[in-house]
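Peer 1: Below is the file coords_24.txt, with compact mmCIF, C-alpha atoms.
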# COMPACT_ATOMS: atom_id res chain seq x y z
CA MET Q 29 41.84 -33.36 16.36
CA ALA Q 30 43.65 -36.69 16.19
CA ASP Q 31 47.36 -36.77 15.25
CA THR Q 32 47.41 -38.58 11.87
CA THR Q 33 51.17 -38.26 11.42
CA GLY Q 34 52.05 -40.87 14.04
CA ASN Q 35 54.20 -38.33 15.88
CA SER Q 36 54.03 -37.82 19.64
CA THR Q 37 52.81 -34.54 21.11
CA THR Q 38 55.16 -31.73 20.10
CA SER Q 39 56.95 -29.52 22.60
CA THR Q 40 54.90 -26.59 21.29
CA ASP Q 41 51.69 -28.39 22.22
CA ALA Q 42 53.09 -29.25 25.62
CA ASN Q 43 54.14 -25.66 26.25
CA ALA Q 44 50.72 -24.41 25.21
CA SER Q 45 49.09 -26.89 27.56
CA SER Q 46 51.32 -25.83 30.43
CA ALA Q 47 50.60 -22.19 29.75
CA LYS Q 48 46.87 -22.87 29.77
CA GLU Q 49 47.10 -24.72 33.08
CA ALA Q 50 49.03 -21.78 34.55
CA LEU Q 51 46.24 -19.34 33.83
CA THR Q 52 44.49 -18.05 36.92
CA SER Q 53 40.73 -17.87 37.38
CA ARG Q 54 40.91 -14.14 36.72
CA ASP Q 55 42.70 -14.80 33.43
CA TYR Q 56 39.85 -17.08 32.34
CA TYR Q 57 37.34 -14.49 33.49
CA ALA Q 58 39.09 -11.75 31.50
CA ASP Q 59 39.39 -13.94 28.42
CA SER Q 60 35.70 -14.88 28.49
CA TYR Q 61 34.70 -11.20 28.52
CA ALA Q 62 36.71 -10.57 25.36
CA HIS Q 63 34.04 -12.37 23.32
CA PHE Q 64 31.55 -9.96 21.79
CA GLY Q 65 28.59 -12.33 22.29
CA ILE Q 66 28.60 -11.69 26.04
CA HIS Q 67 28.55 -7.94 25.46
CA GLU Q 68 25.82 -8.27 22.84
CA GLU Q 69 23.64 -10.06 25.40
CA MET Q 70 24.27 -7.37 28.03
CA LEU Q 71 23.69 -4.46 25.63
CA LYS Q 72 20.44 -6.02 24.40
CA ASP Q 73 19.26 -6.35 27.99
CA THR Q 74 17.09 -3.23 27.87
CA VAL Q 75 16.25 -3.31 31.60
CA ARG Q 76 19.95 -3.23 32.45
CA THR Q 77 21.14 -0.77 29.83
CA THR Q 78 18.27 1.74 29.91
CA SER Q 79 18.38 1.80 33.71
CA TYR Q 80 21.98 3.01 33.55
CA GLN Q 81 21.16 5.32 30.64
CA ASP Q 82 18.30 6.97 32.54
CA ALA Q 83 20.22 7.15 35.82
CA ILE Q 84 23.06 8.99 34.05
CA LEU Q 85 21.48 11.07 31.27
CA LYS Q 86 18.36 12.12 33.18
CA ASN Q 87 20.61 13.29 35.98
CA TRP Q 88 23.17 15.05 33.80
CA GLN Q 89 23.57 17.84 36.35
CA ILE Q 90 25.27 15.35 38.69
CA PHE Q 91 27.81 14.42 35.99
CA LYS Q 92 28.43 17.81 34.37
CA GLY Q 93 32.04 18.85 34.83
CA LYS Q 94 32.90 15.80 36.94
CA ASN Q 95 35.64 13.18 36.66
CA VAL Q 96 34.13 9.71 36.27
CA LEU Q 97 35.71 6.25 36.61
CA ASP Q 98 34.05 3.35 34.77
CA VAL Q 99 35.18 0.08 36.38
CA GLY Q 100 34.98 -2.86 33.96
CA CYS Q 101 34.03 -0.60 31.06
CA GLY Q 102 33.53 -3.39 28.50
CA THR Q 103 32.47 -1.87 25.18
CA GLY Q 104 32.37 1.62 26.72
CA ILE Q 105 28.61 2.19 26.79
CA LEU Q 106 28.52 3.58 30.35
CA SER Q 107 31.57 5.74 29.65
CA MET Q 108 29.81 7.26 26.65
CA PHE Q 109 26.64 7.86 28.66
CA ALA Q 110 28.73 9.74 31.25
CA ALA Q 111 30.56 11.77 28.60
CA LYS Q 112 27.26 12.61 26.90
CA ALA Q 113 25.93 13.77 30.28
CA GLY Q 114 28.73 16.35 30.40
CA ALA Q 115 31.47 14.70 32.43
CA ALA Q 116 34.77 16.56 32.20
CA HIS Q 117 36.82 13.39 31.88
CA VAL Q 118 35.83 9.73 31.88
CA VAL Q 119 38.36 6.96 32.50
CA GLY Q 120 37.29 3.45 31.56
CA VAL Q 121 39.27 0.49 32.89
CA ASP Q 122 38.99 -3.12 31.75
CA MET Q 123 41.37 -6.08 31.89
CA SER Q 124 39.73 -7.86 28.95
CA ASN Q 125 40.76 -7.52 25.31
CA ILE Q 126 37.30 -6.11 24.59
CA ILE Q 127 38.80 -2.74 25.49
CA ASP Q 128 40.53 -2.75 22.10
CA GLN Q 129 37.10 -2.70 20.46
CA ALA Q 130 35.89 -0.13 22.98
CA GLN Q 131 38.65 2.23 21.83
CA LYS Q 132 37.39 2.00 18.25
CA ILE Q 133 33.80 2.49 19.42
CA ILE Q 134 34.46 5.66 21.41
CA GLU Q 135 36.49 7.13 18.54
CA ALA Q 136 33.76 6.26 16.01
CA ASN Q 137 31.31 8.18 18.21
CA GLY Q 138 33.47 11.26 18.71
CA PHE Q 139 34.56 10.48 22.27
CA LYS Q 140 38.32 10.36 22.71
CA ASP Q 141 41.15 12.32 24.28
CA THR Q 142 39.86 15.72 23.14
CA PRO Q 143 39.56 17.82 26.32
CA ASP Q 144 39.12 21.04 24.32
CA LEU Q 145 35.80 19.65 23.05
CA GLY Q 146 34.76 18.40 26.45
CA LEU Q 147 34.46 14.86 25.10
CA GLU Q 148 37.38 13.17 26.78
CA ILE Q 149 37.28 9.43 27.41
CA THR Q 150 40.50 7.65 28.27
CA LEU Q 151 40.59 3.87 28.25
CA VAL Q 152 43.11 1.98 30.39
CA LYS Q 153 43.77 -1.73 29.91
CA GLY Q 154 44.57 -3.74 33.02
CA LYS Q 155 43.49 -4.42 36.57
CA VAL Q 156 42.28 -1.52 38.69
CA GLU Q 157 44.68 -2.49 41.46
CA GLU Q 158 47.67 -2.42 39.09
CA VAL Q 159 47.17 0.26 36.41
CA GLU Q 160 48.40 3.84 36.51
CA MET Q 161 45.40 6.18 36.37
CA PRO Q 162 45.59 9.48 34.48
CA ILE Q 163 43.52 11.00 37.31
CA LYS Q 164 44.14 10.37 41.01
CA GLU Q 165 40.66 11.24 42.34
CA PHE Q 166 37.20 10.79 40.88
CA ASP Q 167 33.85 12.38 41.69
CA ILE Q 168 31.81 9.39 40.50
CA ILE Q 169 32.39 5.68 39.98
CA ILE Q 170 30.08 3.86 37.57
CA SER Q 171 30.17 0.11 37.06
CA GLU Q 172 27.97 -2.74 35.92
CA TRP Q 173 29.60 -5.28 38.19
CA MET Q 174 26.71 -7.60 39.07
CA GLY Q 175 26.82 -11.33 38.29
CA TYR Q 176 24.32 -14.17 38.48
CA PHE Q 177 22.82 -14.33 41.97
CA LEU Q 178 24.48 -10.90 42.27
CA LEU Q 179 27.84 -12.21 43.50
CA TYR Q 180 28.79 -15.01 41.07
CA GLU Q 181 31.63 -13.78 38.83
CA SER Q 182 30.92 -10.27 40.07
CA MET Q 183 33.47 -7.45 40.18
CA LEU Q 184 32.22 -6.04 43.46
CA ASP Q 185 35.53 -6.53 45.26
CA THR Q 186 37.23 -4.55 42.47
CA VAL Q 187 34.65 -1.76 42.72
CA LEU Q 188 35.20 -1.55 46.49
CA LEU Q 189 38.96 -1.36 45.92
CA ALA Q 190 38.46 1.43 43.37
CA ARG Q 191 36.18 3.24 45.83
CA ASP Q 192 38.78 3.17 48.58
CA LYS Q 193 41.65 4.13 46.29
CA TYR Q 194 40.17 6.67 43.90
CA LEU Q 195 36.76 8.02 44.99
CA LYS Q 196 36.59 11.44 46.63
CA LYS Q 197 35.29 11.54 50.19
CA ASP Q 198 31.88 12.84 49.09
CA GLY Q 199 31.90 10.92 45.80
CA LEU Q 200 29.03 8.93 44.33
CA LEU Q 201 28.68 5.31 43.19
CA PHE Q 202 26.35 4.23 40.36
CA PRO Q 203 24.67 1.98 41.49
CA ASP Q 204 25.09 2.20 45.24
CA VAL Q 205 22.71 -0.38 46.79
CA CYS Q 206 21.87 -4.00 45.93
CA THR Q 207 19.45 -6.29 47.75
CA MET Q 208 19.33 -10.09 47.49
CA TYR Q 209 16.06 -12.05 47.77
CA LEU Q 210 14.96 -15.65 48.28
CA ALA Q 211 11.58 -17.36 47.78
CA GLY Q 212 10.16 -20.88 47.55
CA ILE Q 213 8.82 -22.25 44.26
CA GLU Q 214 6.76 -25.16 42.95
CA ASP Q 215 8.75 -26.64 40.07
CA GLY Q 216 7.97 -30.36 40.04
CA ASP Q 217 7.99 -30.98 36.30
CA TYR Q 218 11.29 -29.24 35.65
CA LYS Q 219 12.89 -30.74 38.75
CA GLU Q 220 11.95 -34.19 37.48
CA GLU Q 221 13.43 -33.33 34.08
CA LYS Q 222 16.70 -31.98 35.53
CA ILE Q 223 17.19 -34.15 38.64
CA GLY Q 224 14.88 -37.16 38.47
CA TYR Q 225 16.10 -37.91 34.94
CA TRP Q 226 19.25 -39.54 36.31
CA ASP Q 227 17.34 -42.35 38.02
CA ASN Q 228 16.77 -44.08 34.69
CA VAL Q 229 18.84 -43.19 31.63
CA TYR Q 230 17.84 -45.54 28.80
CA GLY Q 231 17.32 -48.27 31.38
CA PHE Q 232 20.53 -47.61 33.32
CA ASP Q 233 20.99 -46.28 36.84
CA TYR Q 234 22.77 -42.91 36.72
CA SER Q 235 21.55 -41.83 40.15
CA CYS Q 236 25.10 -41.05 41.33
CA ILE Q 237 24.92 -37.95 39.13
CA LYS Q 238 21.84 -36.65 40.97
CA GLU Q 239 23.98 -35.36 43.82
CA VAL Q 240 26.21 -33.49 41.37
CA ALA Q 241 23.15 -32.06 39.61
CA LEU Q 242 21.63 -30.96 42.92
CA ARG Q 243 24.82 -29.12 43.87
CA GLU Q 244 24.73 -26.99 40.71
CA PRO Q 245 22.24 -24.09 40.90
CA LEU Q 246 20.30 -23.50 37.73
CA VAL Q 247 20.28 -20.04 36.14
CA ASP Q 248 16.96 -19.76 34.33
CA SER Q 249 13.79 -17.71 34.06
CA VAL Q 250 11.18 -18.65 36.67
CA ASP Q 251 7.48 -18.10 36.00
CA VAL Q 252 6.09 -15.86 38.73
CA LYS Q 253 3.13 -18.27 38.98
CA SER Q 254 5.55 -20.86 40.38
CA VAL Q 255 6.40 -18.73 43.41
CA VAL Q 256 4.57 -20.07 46.49
CA THR Q 257 5.99 -17.82 49.24
CA GLU Q 258 6.51 -14.17 49.85
CA PRO Q 259 10.02 -13.00 48.94
CA PHE Q 260 12.51 -12.42 51.74
CA ALA Q 261 15.28 -9.83 51.52
CA PHE Q 262 18.21 -11.63 53.13
CA LYS Q 263 21.14 -9.34 52.23
CA ARG Q 264 21.47 -5.61 51.55
CA ILE Q 265 24.79 -4.34 50.25
CA ASP Q 266 25.45 -0.61 50.49
CA LEU Q 267 28.44 0.04 48.24
CA ARG Q 268 29.25 3.27 50.09
CA THR Q 269 30.15 1.38 53.26
CA ALA Q 270 30.52 -2.30 52.34
CA GLN Q 271 33.83 -4.09 52.90
CA LYS Q 272 35.21 -7.10 51.06
CA GLU Q 273 34.65 -9.19 54.19
CA ASP Q 274 30.92 -8.48 53.93
CA LEU Q 275 30.75 -10.64 50.79
CA ASP Q 276 31.30 -13.77 52.90
CA PHE Q 277 28.21 -14.02 55.10
CA GLU Q 278 25.57 -16.17 56.76
CA THR Q 279 22.12 -14.83 57.55
CA ASN Q 280 18.61 -15.97 58.47
CA PHE Q 281 15.53 -16.09 56.27
CA SER Q 282 11.84 -16.71 56.89
CA LEU Q 283 9.48 -17.42 53.99
CA LYS Q 284 5.73 -17.04 54.47
CA VAL Q 285 3.75 -19.46 52.30
CA THR Q 286 1.06 -17.83 50.15
CA ARG Q 287 -0.87 -20.91 48.94
CA ASN Q 288 -1.30 -24.64 49.47
CA ASP Q 289 1.34 -26.32 47.34
CA TYR Q 290 4.73 -28.05 47.29
CA VAL Q 291 8.21 -26.55 47.46
CA HIS Q 292 10.69 -28.11 45.05
CA ALA Q 293 13.32 -25.38 45.14
CA PHE Q 294 14.35 -21.98 46.34
CA VAL Q 295 14.84 -19.13 43.88
CA GLY Q 296 17.20 -16.19 44.32
CA TRP Q 297 17.50 -12.81 42.62
CA PHE Q 298 18.56 -9.24 43.31
CA ASP Q 299 17.42 -5.64 42.96
CA THR Q 300 19.79 -2.80 42.05
CA GLU Q 301 19.29 0.80 43.14
CA PHE Q 302 20.69 4.22 42.29
CA SER Q 303 19.67 5.73 45.61
CA CYS Q 304 21.83 8.85 45.36
CA LEU Q 305 19.47 10.40 42.79
CA HIS Q 306 16.87 13.02 43.67
CA VAL Q 307 14.31 10.46 42.56
CA PRO Q 308 15.97 7.08 43.24
CA LYS Q 309 15.90 4.58 40.38
CA ARG Q 310 15.95 0.82 40.70
CA PHE Q 311 15.45 -2.33 38.70
CA SER Q 312 14.74 -5.92 39.69
CA THR Q 313 15.92 -9.24 38.30
CA GLY Q 314 13.13 -11.17 40.06
CA PRO Q 315 10.52 -13.49 38.51
CA HIS Q 316 7.89 -10.75 38.92
CA ALA Q 317 9.89 -8.29 36.79
CA LYS Q 318 10.74 -7.89 33.11
CA TYR Q 319 13.35 -10.32 31.76
CA THR Q 320 17.03 -9.56 32.29
CA HIS Q 321 20.08 -11.54 31.20
CA TRP Q 322 20.70 -12.34 34.89
CA LYS Q 323 17.43 -14.33 34.99
CA GLN Q 324 17.02 -16.03 38.40
CA THR Q 325 19.02 -18.69 40.25
CA VAL Q 326 17.25 -21.91 41.28
CA PHE Q 327 18.42 -24.11 44.17
CA TYR Q 328 16.68 -27.50 44.06
CA THR Q 329 15.97 -29.35 47.32
CA ARG Q 330 16.24 -33.09 47.92
CA GLU Q 331 12.98 -33.25 49.85
CA THR Q 332 9.64 -31.76 48.81
CA PRO Q 333 7.92 -29.99 51.69
CA VAL Q 334 4.11 -29.96 51.58
CA VAL Q 335 3.16 -26.40 52.47
CA SER Q 336 -0.08 -24.62 53.34
CA VAL Q 337 -1.02 -20.97 53.25
CA ASN Q 338 0.49 -18.98 56.16
CA ASP Q 339 3.09 -21.68 56.94
CA THR Q 340 6.66 -20.47 57.32
CA ILE Q 341 9.92 -21.96 56.07
CA ASN Q 342 12.74 -20.82 58.33
CA GLY Q 343 16.41 -21.21 57.67
CA THR Q 344 19.83 -19.76 57.03
CA ILE Q 345 21.79 -19.07 53.85
CA LYS Q 346 25.57 -18.88 53.78
CA VAL Q 347 27.34 -17.35 50.77
CA SER Q 348 31.13 -17.47 50.43
CA PRO Q 349 33.68 -16.96 47.65
CA ASN Q 350 35.16 -20.31 46.66
CA ALA Q 351 38.61 -20.88 48.16
CA ARG Q 352 40.20 -21.84 44.83
CA ASN Q 353 38.41 -19.32 42.62
CA ASN Q 354 37.02 -16.27 44.37
CA ARG Q 355 34.65 -15.49 41.49
CA ASP Q 356 32.86 -18.81 42.09
CA LEU Q 357 30.45 -19.15 45.00
CA ASP Q 358 29.89 -21.74 47.71
CA ILE Q 359 26.33 -21.57 49.04
CA VAL Q 360 24.80 -23.48 51.95
CA ILE Q 361 21.05 -23.37 52.60
CA LYS Q 362 19.65 -24.87 55.80
CA TYR Q 363 15.88 -24.86 56.20
CA GLU Q 364 13.11 -26.35 58.33
CA HIS Q 365 9.38 -26.50 57.74
CA THR Q 366 6.65 -28.01 59.91
CA GLY Q 367 3.25 -28.53 58.32
CA SER Q 368 0.34 -30.92 57.96
CA ALA Q 369 2.61 -33.62 56.52
CA GLY Q 370 5.19 -33.33 59.28
CA THR Q 371 8.58 -31.68 59.57
CA THR Q 372 11.12 -31.34 56.80
CA ALA Q 373 14.67 -30.16 57.54
CA GLU Q 374 17.71 -30.19 55.26
CA THR Q 375 21.20 -28.83 54.82
CA LEU Q 376 21.96 -28.26 51.14
CA GLU Q 377 25.36 -27.38 49.69
CA TYR Q 378 25.74 -25.73 46.28
CA GLN Q 379 28.54 -24.41 44.14
CA MET Q 380 28.21 -21.87 41.34
CA SER Q 381 31.20 -22.38 39.07
In C-alpha cells, write the structure found in this file.

Peer 2:
Amino acid sequence: MADTTGNSTTSTDANASSAKEALTSRDYYADSYAHFGIHEEMLKDTVRTTSYQDAILKNWQIFKGKNVLDVGCGTGILSMFAAKAGAAHVVGVDMSNIIDQAQKIIEANGFKDTPDLGLEITLVKGKVEEVEMPIKEFDIIISEWMGYFLLYESMLDTVLLARDKYLKKDGLLFPDVCTMYLAGIEDGDYKEEKIGYWDNVYGFDYSCIKEVALREPLVDSVDVKSVVTEPFAFKRIDLRTAQKEDLDFETNFSLKVTRNDYVHAFVGWFDTEFSCLHVPKRFSTGPHAKYTHWKQTVFYTRETPVVSVNDTINGTIKVSPNARNNRDLDIVIKYEHTGSAGTTAETLEYQMS
C-alpha cells in the first residue's frame, strides 16, 4: 500500500523488513506449513491418507503397546491413526504453528496425555534435532515427509536424523522405501504454451525468458497417453539404511521408446512402500496411477528428439540439494538419442525452488 502521509518509511517497517530478510529457508518452510490450506489438500488426497490409514490400522498388531514418533505431525492425523491402532504413547513433533491446531484436534477426539486410558498423544513444537523428547527410544517412526519429485522440500534428512537418534535397533519406519522414476513424454501443445509463448508476446520478443522457463520444472498432472517410453527406476531409497549423503547423487537412466513419436520433456514421479508389513503396501504418484497432490514433475527439453519404437534414450540425472536452500533442488539431466532423424544430445539444468 502506498504511503499517503508523505512520511518516509518508519523504523518499525525497516525493522520488520530486516527481520523478514533474516529468516532462514527453514523458517519460510515452517511458516508455509502453518496455513491450513496446505493441510486440507494433503488430507483430501485419499491415495496418500488412506494408504497411511490402511498401513497403520490394518496392521494394528505392529503398533499395539508400542511407542511411536510422528515426524512432522502436521494436524496430527497419523498420530491419531497410531493411537487408534493401540500405540502405548505417540509423540508428534512439528516446527510449524499448525501444531497449535493439532493440539485442539487431538483433544477434541479424545487423544491427549491420558496414559491410564491408553490414548496418550504428546505434541512437541520445534525441530527434531533441538527439542527435548518425553521418550528417549521409539519402536516405530511414522512420517509423511515426501515432497514434489520426492525430494523437493522434503523432510527426509530430518527423518534420517530422528532414526539415528531415537529409533530402537530393530525399530520400524513407515514408510521405509521410496523409488524415483523417469520417462519421456510427448507434450508439444503444452510446451508451446509454456515455453514457445515467450517468442512473441503481443508482438514483442520475450525470448530471453525462455531459458528461465526451461530451468523451472513444472509440477502438473500428466496424461498417461502422453508417455512414449517405458518408465525407468533411477533411484531407490531405503530409509532403514540411507544416509544424508545419499540424497546428493548422479545415476544413469535408459528409456526404451514404446511408439513412434516425439519427446518434448521428461516426467518424474515416485512410489512409496511400507515394505515391513506382512503384506507390503505401496502407492504411486505416477501418470498411470490415481491422482495425488504430488502430481508429476515435468522437465522440458530444448530439442525435440524424433523417436521410434524400440529406440533408447540414454543419459544421466544428477539431483542435489541447493547450496543456499537445502530444501530446493538442483537437477541436471544429460541425454543422448540416435534415431532416424539423427542424433540429439543435451545437457539441461533445472532448479526446483

Peer 1: Suppose you want the space between atom CA of Q:Val205 and atom CA of Q:Arg268; what is it in Å?

Peer 2: 8.2 Å

Peer 1: Excluding stretch 216-222 of chain Q and residues on its chain fewer than 6 positions from it, collect all residues at most 10 Å away from it, counting all atoms listed in the file, and give them as a VMD selection string.

Peer 2: chain Q and resid 238 241 to 242 246 254 290 to 293 328 to 329 332

Peer 1: Near Q:Glu239, within 12 Å and counting only C-alpha atoms, which residues show up once chain neighbours fewer than 6 positions away are dropped, as a VMD selection string?

Peer 2: chain Q and resid 222 to 224 226 to 227 245 328 to 330 376 to 379

Peer 1: Write out as a Markdown table a residue-level contact list of stretch 314-359 of chain Q versus stretch 68-79 of chain Q with cut-off 12 Å: for each qualifying residue the closest pair of atoms and the distance in Å to one decimal, counting only C-alpha atoms, rows sorted by chain and residue number upward.

Peer 2:
| residue | atom | partner | partner_atom | distance |
| --- | --- | --- | --- | --- |
| Q:Gly314 | CA | Q:Val75 | CA | 12.0 |
| Q:Ala317 | CA | Q:Val75 | CA | 9.6 |
| Q:Lys318 | CA | Q:Val75 | CA | 7.3 |
| Q:Tyr319 | CA | Q:Val75 | CA | 7.6 |
| Q:Thr320 | CA | Q:Asp73 | CA | 5.8 |
| Q:His321 | CA | Q:Asp73 | CA | 6.2 |
| Q:Trp322 | CA | Q:Met70 | CA | 9.2 |
| Q:Lys323 | CA | Q:Asp73 | CA | 10.8 |

Peer 1: Using only C-alpha atoms, which of Q:Thr372, Q:Asn338, Q:Asn137, Q:Gln129 sits nearest Q:Glu258?

Peer 2: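 Among Q:Thr372, Q:Asn338, Q:Asn137, Q:Gln129, it is Q:Asn338 that comes nearest to Q:Glu258.
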
Peer 1: When you count only C-alpha atoms, which of these residues is closest to Q:Ile359: Q:Thr286, Q:Thr300, Q:Thr269, Q:Thr325?

Peer 2: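 Result for the nearest residue to Q:Ile359: Q:Thr325.
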
Peer 1: Write out, as CSV, each residue of stretch 184-280 of chain Q that has an atom at most 12 Å from stretch 80-87 of chain Q, together with the closest pair of atoms and their distance in Å to one decimal, counting all atoms listed in the file, rows going by chain and rising number.

Peer 2:
residue,atom,partner,partner_atom,distance
Q:Leu200,CA,Q:Ile84,CA,11.9
Q:Leu201,CA,Q:Ile84,CA,11.3
Q:Phe202,CA,Q:Ala83,CA,8.2
Q:Pro203,CA,Q:Tyr80,CA,8.4
Q:Asp204,CA,Q:Ala83,CA,11.7

Peer 1: Would you save the residues from that selection as a compact mmCIF listing (two decimals), in the coordinates of the input, using C-alpha atoms?

Peer 2:
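Wrote it out as again-v1.txt, contents follow:
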# COMPACT_ATOMS: atom_id res chain seq x y z
CA LEU Q 200 29.03 8.93 44.33
CA LEU Q 201 28.68 5.31 43.19
CA PHE Q 202 26.35 4.23 40.36
CA PRO Q 203 24.67 1.98 41.49
CA ASP Q 204 25.09 2.20 45.24

Peer 1: With only C-alpha atoms as the atoms that count, which of Q:Ile361, Q:Val326, Q:Ala351, Q:Leu151 lies nearest to Q:Thr279?

Peer 2: Q:Ile361

Peer 1: Write out as a list of chain:residue names which residues come within 8 Å of Q:Asn95 when counting all atoms listed in the file, dropping same-chain ones fewer than 6 positions away.

Peer 2: Q:Ala115, Q:Ala116, Q:His117, Q:Val118, Q:Val119, Q:Glu165, Q:Phe166, Q:Asp167, Q:Ile168

Peer 1: Quick one: distance from atom CA of Q:Asp289 to atom CA of Q:Ser368 in Å, one decimal?

Peer 2: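 We find that atom CA of Q:Asp289 and atom CA of Q:Ser368 lie 11.6 Å from each other.
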
Peer 1: So how many Å separate atom CA of Q:Asn350 and atom CA of Q:Ser182, to one decimal?

Peer 2: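 For atom CA of Q:Asn350 relative to atom CA of Q:Ser182, the distance reads 12.7 Å.
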
Peer 1: Can you rebuild stretch 61-78 of chain Q with N, CA, C and O atoms and give it as a PDB file, keeping the file's coordinate frame?

Peer 2:
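Written file, out-v5.pdb:
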ATOM      1  N   TYR Q  61      35.358 -12.477  28.790  1.00  0.00           N
ATOM      2  CA  TYR Q  61      34.700 -11.200  28.520  1.00  0.00           C
ATOM      3  C   TYR Q  61      35.268 -10.483  27.314  1.00  0.00           C
ATOM      4  O   TYR Q  61      34.880  -9.371  27.004  1.00  0.00           O
ATOM      5  N   ALA Q  62      36.222 -11.138  26.611  1.00  0.00           N
ATOM      6  CA  ALA Q  62      36.710 -10.570  25.360  1.00  0.00           C
ATOM      7  C   ALA Q  62      35.793 -10.950  24.202  1.00  0.00           C
ATOM      8  O   ALA Q  62      35.890 -10.365  23.122  1.00  0.00           O
ATOM      9  N   HIS Q  63      34.917 -11.910  24.391  1.00  0.00           N
ATOM     10  CA  HIS Q  63      34.040 -12.370  23.320  1.00  0.00           C
ATOM     11  C   HIS Q  63      32.829 -11.443  23.198  1.00  0.00           C
ATOM     12  O   HIS Q  63      32.142 -11.178  24.181  1.00  0.00           O
ATOM     13  N   PHE Q  64      32.579 -10.987  21.984  1.00  0.00           N
ATOM     14  CA  PHE Q  64      31.550  -9.960  21.790  1.00  0.00           C
ATOM     15  C   PHE Q  64      30.161 -10.464  22.116  1.00  0.00           C
ATOM     16  O   PHE Q  64      29.273  -9.677  22.451  1.00  0.00           O
ATOM     17  N   GLY Q  65      29.928 -11.792  22.042  1.00  0.00           N
ATOM     18  CA  GLY Q  65      28.590 -12.330  22.290  1.00  0.00           C
ATOM     19  C   GLY Q  65      28.090 -12.004  23.679  1.00  0.00           C
ATOM     20  O   GLY Q  65      26.893 -11.742  23.872  1.00  0.00           O
ATOM     21  N   ILE Q  66      28.975 -12.028  24.673  1.00  0.00           N
ATOM     22  CA  ILE Q  66      28.600 -11.690  26.040  1.00  0.00           C
ATOM     23  C   ILE Q  66      28.144 -10.241  26.113  1.00  0.00           C
ATOM     24  O   ILE Q  66      27.146  -9.901  26.754  1.00  0.00           O
ATOM     25  N   HIS Q  67      28.881  -9.365  25.436  1.00  0.00           N
ATOM     26  CA  HIS Q  67      28.550  -7.940  25.460  1.00  0.00           C
ATOM     27  C   HIS Q  67      27.275  -7.655  24.659  1.00  0.00           C
ATOM     28  O   HIS Q  67      26.498  -6.771  25.030  1.00  0.00           O
ATOM     29  N   GLU Q  68      27.067  -8.423  23.600  1.00  0.00           N
ATOM     30  CA  GLU Q  68      25.820  -8.270  22.840  1.00  0.00           C
ATOM     31  C   GLU Q  68      24.625  -8.587  23.742  1.00  0.00           C
ATOM     32  O   GLU Q  68      23.629  -7.850  23.753  1.00  0.00           O
ATOM     33  N   GLU Q  69      24.724  -9.677  24.504  1.00  0.00           N
ATOM     34  CA  GLU Q  69      23.640 -10.060  25.400  1.00  0.00           C
ATOM     35  C   GLU Q  69      23.374  -8.975  26.438  1.00  0.00           C
ATOM     36  O   GLU Q  69      22.219  -8.635  26.724  1.00  0.00           O
ATOM     37  N   MET Q  70      24.438  -8.398  27.001  1.00  0.00           N
ATOM     38  CA  MET Q  70      24.270  -7.370  28.030  1.00  0.00           C
ATOM     39  C   MET Q  70      23.695  -6.094  27.431  1.00  0.00           C
ATOM     40  O   MET Q  70      22.820  -5.451  28.022  1.00  0.00           O
ATOM     41  N   LEU Q  71      24.192  -5.684  26.260  1.00  0.00           N
ATOM     42  CA  LEU Q  71      23.690  -4.460  25.630  1.00  0.00           C
ATOM     43  C   LEU Q  71      22.224  -4.596  25.233  1.00  0.00           C
ATOM     44  O   LEU Q  71      21.447  -3.641  25.325  1.00  0.00           O
ATOM     45  N   LYS Q  72      21.827  -5.787  24.807  1.00  0.00           N
ATOM     46  CA  LYS Q  72      20.440  -6.020  24.400  1.00  0.00           C
ATOM     47  C   LYS Q  72      19.501  -6.203  25.582  1.00  0.00           C
ATOM     48  O   LYS Q  72      18.285  -6.264  25.391  1.00  0.00           O
ATOM     49  N   ASP Q  73      20.066  -6.306  26.778  1.00  0.00           N
ATOM     50  CA  ASP Q  73      19.260  -6.350  27.990  1.00  0.00           C
ATOM     51  C   ASP Q  73      18.781  -4.929  28.265  1.00  0.00           C
ATOM     52  O   ASP Q  73      19.476  -4.119  28.872  1.00  0.00           O
ATOM     53  N   THR Q  74      17.570  -4.619  27.811  1.00  0.00           N
ATOM     54  CA  THR Q  74      17.090  -3.230  27.870  1.00  0.00           C
ATOM     55  C   THR Q  74      16.841  -2.770  29.301  1.00  0.00           C
ATOM     56  O   THR Q  74      16.998  -1.589  29.610  1.00  0.00           O
ATOM     57  N   VAL Q  75      16.447  -3.687  30.189  1.00  0.00           N
ATOM     58  CA  VAL Q  75      16.250  -3.310  31.600  1.00  0.00           C
ATOM     59  C   VAL Q  75      17.572  -2.806  32.161  1.00  0.00           C
ATOM     60  O   VAL Q  75      17.649  -1.730  32.774  1.00  0.00           O
ATOM     61  N   ARG Q  76      18.614  -3.584  31.965  1.00  0.00           N
ATOM     62  CA  ARG Q  76      19.950  -3.230  32.450  1.00  0.00           C
ATOM     63  C   ARG Q  76      20.439  -1.918  31.843  1.00  0.00           C
ATOM     64  O   ARG Q  76      20.805  -0.974  32.542  1.00  0.00           O
ATOM     65  N   THR Q  77      20.468  -1.870  30.503  1.00  0.00           N
ATOM     66  CA  THR Q  77      21.140  -0.770  29.830  1.00  0.00           C
ATOM     67  C   THR Q  77      20.363   0.543  29.941  1.00  0.00           C
ATOM     68  O   THR Q  77      20.951   1.598  30.190  1.00  0.00           O
ATOM     69  N   THR Q  78      19.041   0.486  29.799  1.00  0.00           N
ATOM     70  CA  THR Q  78      18.270   1.740  29.910  1.00  0.00           C
ATOM     71  C   THR Q  78      18.212   2.242  31.345  1.00  0.00           C
ATOM     72  O   THR Q  78      18.065   3.448  31.561  1.00  0.00           O
TER      73      THR Q  78
END
